[in-house]
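**Q** The structure follows.
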Amino acid sequence: MLVKGSLLIKISGVVLLAWFLEIILFVIWGSNVKDSWSHSLQFIFLSVFIAGGVLFYIYIIIKPMKRLLYASKAAASGDLSQRIPIFSGNELGEVGISFNGMAQQLETAMDVLNKRSTELESLKVFLDSIIDNLPFNIYVIDRDLTVIAWNKKREDGPFGINRNFAIGKKLWHILDMNLFKASSPKGRAEMEKEFAEVFNSGKIIEREEVSTSFGGKSFFKIIKVPLMIKEDGAQYVLTAIEDITIRRQLEIQLMAKNRLAAIGELAAGVAHEINNPMASMAVCVESLLRSTAQASFKRDEDSAKFNKYLKIIEREIYRCKDITTGLLNFSRDKTFVIRDVTVKDTLFETIKLLQLQEKYRSFKISTDIKDNLPSVSADEGQLRQVFLAIMINAFEAMASESGALDISATDGMDGNTRVVRIAFKDNGCGIPKENLSKIFTTFFTTKGNMRTGLGLSICYGIVTQHGGRIEVESKVGSGSIFTVILPHNGMQNKPLNQ
Ligand SMILES: Nc1ncnc2c1ncn2[C@@H]1O[C@H](COP(=O)(O)OP(=O)(O)OP(=O)(O)O)[C@@H](O)[C@H]1O
Ligand SMILES: [Mg+2]
């Protein structure tokens with residue numbers, strides 16, 4: 001309606017214009033218009049002609065031009081859906097056709113581009129999530145040593161740094177904040193050299209580093225990978241840091257276990273061979289001792305000497321027997337009886353057993369055992385042997401008047417495994433740092449040559465066979481804590497000698 005209305009206004013404007021023209025012509029020609037019908041007819045015809053011309057101009061030129069202008073403005077602002085209606089085959093019509101074709105092509109190209117950029121965006125999110133979820137600390141630097149990428153894992157832990165803070169900063173500025181190695185001039189020089197080597201050679205560098213900055217020993221695998229290598233070297237270097245402490249610890253434990261197994265095999269062979277002659281010697285000595293009691297010697301002191309020496313030989317034979325029995329226990333291939341063991345009962349039985357001996361009765365023993373502790377699937381006899389050996393060691397390390405042994409048992413998680421933790425805390429002499437790594441080794445003892453030094457190595461063997469481990473904390477002069485960690489159901493239906 002609005003369009004039609006404006007059309008009427010335009011037509012009446014054109015008619016008015018024609019009448020004005022008539023008046024102008026009348027003034028010029030000097031004729032009387034009112035009386036001259038022929039002139040009137042001429043003017044009407046002229047008006048219609050001019051009105052037609054103007055309408056033609058509006059519809060064929062102005063309108064399409066306006067439409068073209070509107071569509072190109074829309075296209076310039078990103079709306080490519082606008083098309084120009086084509087009413088004529090003149091130049092303007094041709095311009096319209098090519099505009100429509102161009103807009104169509106652009107629209108198709110934009111659709112493809114949008115689709116590609118959505119794909120790229122989701123690919124970026126996918127790649128970012130891979131990099132973020134890898135169990136490595138990852139960062140990327142450019143040739144100016146400016147950080148350009150920093151993964152999520154590198155934000156975690158006590159030494160983690162926020163990615164938004166790190167990106168765009170110089171690497172040294174960030175590493176200075178927490179990194180042990182980079183903060184020393186020597187460490188920084190080494191890292192600089194390493195980065196320069198990867199940037200210039202375009203080759204991957206891989207190495208391991210041991211750190212004590214996290215309390216205890218931590219092992220890291222560090223890989224530096226050159227990225228976008230050109231003639232003058234890599235443009236970026238990606239550094240990936242993997243914490244391999246658990247793997248290394250397992251390897252060390254496995255090595256120790258293998259060594260123990262090898263020693264055990266050898267010891268079992270030797271112990272077996274020695275046991276038989278020892279038994280014969282014991283029988284002979286006992287018989288000689290009996291004969292000595294009835295024999296008559298030239299001198300009394302000869303009798304006493306003979307008796308004394310025979311007793312020494314007898315004692316030493318039995319000591320050798322203890323050693324060989326210990327060795328055989330240590331290495332013997334036994335099929336253990338695995339069942340659900342109530343740790344609390346086993347602990348109390350072991351304490352009772354120990355208190356039968358006069359020498360251990362003076363020590364104060366306190367227990368703190370959590371109610372409803374889960375059972376552990378284990379060989380009870382073997383567990384008792386472990387508890388016994390640890391408790392005897394504790395008594396031997398403490399003064400009998402002031403010695404106090406605290407035994408506690410709790411449950412909890414060790415990684416993904418439900419475990420029972422049994423801690424034996426004594427207030428004895430403690431273990432010097434340099435001995436801590438040796439106490440589980442076979443034959444290591446600080447108690448003189450009358451002792452075998454097999455107690456803890458046997459414990460170690462039993463506990464690891466049960467899928468557990470023993471941890472030690474000790475301070476010279478204050479005491480030690482031996483913690484036995486046993487999986488709740490690690491040994492269910494498993495023969496222990498595998
Ligand atoms: N609770 C403890 N306090 C201090 N030192 C300890 C403790 N437990 C073990 N040790 C140290 O570890 C060493 C090894 O202990 P282990 O039980 O293997 O051998 P041992 O007690 O010397 O001899 P045995 O074979 O008779 O047990 C001990 O000699 C001692 O030095
Ligand atoms: Mg011992």
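Ligands are numbered from 1 in the order shown, chains are lettered A, B, ... in the order of the structure tokens, and residues start at 1 in each chain.
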Would you list the contacts of segment 437-446 of chain A as a PDB file with N, CA, C and O atoms, in the first residue's frame, taking every protein, DNA or RNA residue within 8 Å and counting only C-alpha atoms, but skipping same-chain residues closer than 4 positions in sequence?
**A**
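The resulting file, around-v2.pdb, is reproduced below:
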```
ATOM      1  N   LEU A 260      67.955 -60.888  45.122  1.00  0.00           N
ATOM      2  CA  LEU A 260      67.629 -61.738  46.269  1.00  0.00           C
ATOM      3  C   LEU A 260      67.322 -63.165  45.820  1.00  0.00           C
ATOM      4  O   LEU A 260      67.761 -64.129  46.446  1.00  0.00           O
ATOM      5  N   LYS A 433      71.564 -42.843  58.297  1.00  0.00           N
ATOM      6  CA  LYS A 433      71.111 -42.669  56.905  1.00  0.00           C
ATOM      7  C   LYS A 433      71.806 -43.634  55.953  1.00  0.00           C
ATOM      8  O   LYS A 433      71.184 -44.245  55.078  1.00  0.00           O
ATOM      9  N   ARG A 451      75.171 -62.842  64.566  1.00  0.00           N
ATOM     10  CA  ARG A 451      73.853 -62.693  63.947  1.00  0.00           C
ATOM     11  C   ARG A 451      73.927 -62.928  62.441  1.00  0.00           C
ATOM     12  O   ARG A 451      74.957 -62.707  61.814  1.00  0.00           O
ATOM     13  N   THR A 452      72.807 -63.348  61.858  1.00  0.00           N
ATOM     14  CA  THR A 452      72.830 -63.687  60.429  1.00  0.00           C
ATOM     15  C   THR A 452      72.577 -62.463  59.530  1.00  0.00           C
ATOM     16  O   THR A 452      73.005 -62.435  58.385  1.00  0.00           O
ATOM     17  N   GLY A 453      71.828 -61.503  60.013  1.00  0.00           N
ATOM     18  CA  GLY A 453      71.478 -60.347  59.166  1.00  0.00           C
ATOM     19  C   GLY A 453      70.495 -60.749  58.071  1.00  0.00           C
ATOM     20  O   GLY A 453      70.464 -60.175  56.991  1.00  0.00           O
ATOM     21  N   LEU A 454      69.656 -61.749  58.400  1.00  0.00           N
ATOM     22  CA  LEU A 454      68.678 -62.204  57.392  1.00  0.00           C
ATOM     23  C   LEU A 454      67.245 -61.750  57.713  1.00  0.00           C
ATOM     24  O   LEU A 454      66.380 -61.791  56.851  1.00  0.00           O
ATOM     25  N   LEU A 456      65.374 -58.945  58.170  1.00  0.00           N
ATOM     26  CA  LEU A 456      64.599 -58.008  57.331  1.00  0.00           C
ATOM     27  C   LEU A 456      64.549 -58.433  55.871  1.00  0.00           C
ATOM     28  O   LEU A 456      63.569 -58.143  55.176  1.00  0.00           O
ATOM     29  N   SER A 457      65.615 -59.123  55.388  1.00  0.00           N
ATOM     30  CA  SER A 457      65.547 -59.527  53.974  1.00  0.00           C
ATOM     31  C   SER A 457      64.469 -60.602  53.809  1.00  0.00           C
ATOM     32  O   SER A 457      63.787 -60.626  52.780  1.00  0.00           O
ATOM     33  N   TYR A 460      61.223 -58.712  53.787  1.00  0.00           N
ATOM     34  CA  TYR A 460      61.053 -58.041  52.491  1.00  0.00           C
ATOM     35  C   TYR A 460      60.500 -59.015  51.451  1.00  0.00           C
ATOM     36  O   TYR A 460      59.549 -58.727  50.729  1.00  0.00           O
TER      37      TYR A 460
END
```
**Q** Counting only C-alpha atoms and all ligand atoms, what are the residues, protein, DNA or RNA alike, that approach ligand 2 to within 6 Å? I want them as a list in words.
**A**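 After applying the 6 Å limit, what remains is Ala389, Asn393 and Gly455 of chain A.
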**Q** Grab the residues selected above and save them as an mmCIF file, in the first residue's frame with C-alpha atoms.
**A**
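Full text of selection-v9.cif as output:
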```
data_model
loop_
_atom_site.group_PDB
_atom_site.id
_atom_site.type_symbol
_atom_site.label_atom_id
_atom_site.label_comp_id
_atom_site.auth_asym_id
_atom_site.auth_seq_id
_atom_site.Cartn_x
_atom_site.Cartn_y
_atom_site.Cartn_z
ATOM 1 C CA ALA A 389 61.239 -60.101 63.057
ATOM 2 C CA ASN A 393 64.562 -55.740 65.915
ATOM 3 C CA GLY A 455 65.664 -61.009 59.428
#
```
**Q** Among segment 309-456 of chain A, which residues carry a DSSP assignment of strand (DSSP E or B), reported as a PyMOL selection string?
**A** chain A and resi 339-341+364-369+376-378+404-414+417-426
**Q** For each of A:Tyr318, A:Phe126, A:Phe482, A:Phe199, take the minimum atom-to-atom distance to ligand 1, counting only C-alpha atoms and all ligand atoms, then give the residue where this is smallest.
**A**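 For ligand 1, the nearest of the candidates is A:Phe482.
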**Q** Set out as a tab-separated table a contact list for segment 313-415 of chain A and segment 275-284 of chain A with a cut-off of 10 Å, giving each residue of segment 313-415 of chain A that qualifies its closest atom pair and distance in Å to one decimal, counting only C-alpha atoms, ordered by chain and rising residue number.
**A**
```
residue	atom	partner	partner_atom	distance
A:Ile313	CA	A:Ala282	CA	8.5
A:Glu314	CA	A:Ala282	CA	6.3
A:Arg315	CA	A:Ala282	CA	9.2
A:Glu316	CA	A:Ala282	CA	9.6
A:Ile317	CA	A:Met278	CA	6.4
A:Tyr318	CA	A:Ala282	CA	7.7
A:Cys320	CA	A:Met278	CA	7.7
A:Lys321	CA	A:Asn275	CA	6.7
A:Asp322	CA	A:Asn275	CA	9.9
A:Ile323	CA	A:Asn275	CA	9.8
A:Thr324	CA	A:Asn275	CA	6.8
A:Thr325	CA	A:Asn275	CA	8.4
```
**Q** Pick out the closest residue to ligand 1 from this set: A:Arg143, A:Arg418, A:His272, A:Arg319. Count only C-alpha atoms and all ligand atoms.
**A**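 Nearest to ligand 1: A:Arg319.
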**Q** Between A:Thr239, A:Ser81, A:Ser408, A:Ser478, single out the one closest to ligand 1, counting only C-alpha atoms and all ligand atoms.
**A**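 Checking each of A:Thr239, A:Ser81, A:Ser408, A:Ser478 against ligand 1, counting only C-alpha atoms and all ligand atoms, the winner is A:Ser478.
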**Q** My list of candidates is A:Asp345, A:Glu242, A:Asp128, A:Glu209. Which is closest to Lys152 of chain A when distances are computed with only C-alpha atoms?
**A** A:Asp128
**Q** From a DSSP calculation on the backbone, collect every residue of segment 259-415 of chain A in alpha helix (DSSP H) and output the set as a PyMOL selection string.
**A** chain A and resi 259-294+300-331+343-355+380-397
**Q** Just how far from atom CA of Gly53 of chain A is atom CA of Leu41 of chain A, in Å to one decimal?
**A**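 So the answer is 18.2 Å.
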**Q** Using only C-alpha atoms, determine which residues lie at most 8 Å from Gln82 of chain A, disregarding the query and same-chain residues fewer than 5 positions distant; provide the list as a VMD selection string.
**A** chain A and resid 71 74 to 75 103
**Q** So that I can see what lies close to Phe99 of chain A, please list as a PyMOL selection string the residues with an atom at most 12 Å from it, counting only C-alpha atoms and leaving out residues fewer than 3 positions away in the same chain.
**A** chain A and resi 64-65+67-72+75+80-86+92-96+102-107
**Q** So what do you get for atom CA of Ala240 of chain A versus atom CA of Lys221 of chain A, distance-wise?
**A**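 Interatomic distance, atom CA of Ala240 of chain A to atom CA of Lys221 of chain A: 8.1 Å.
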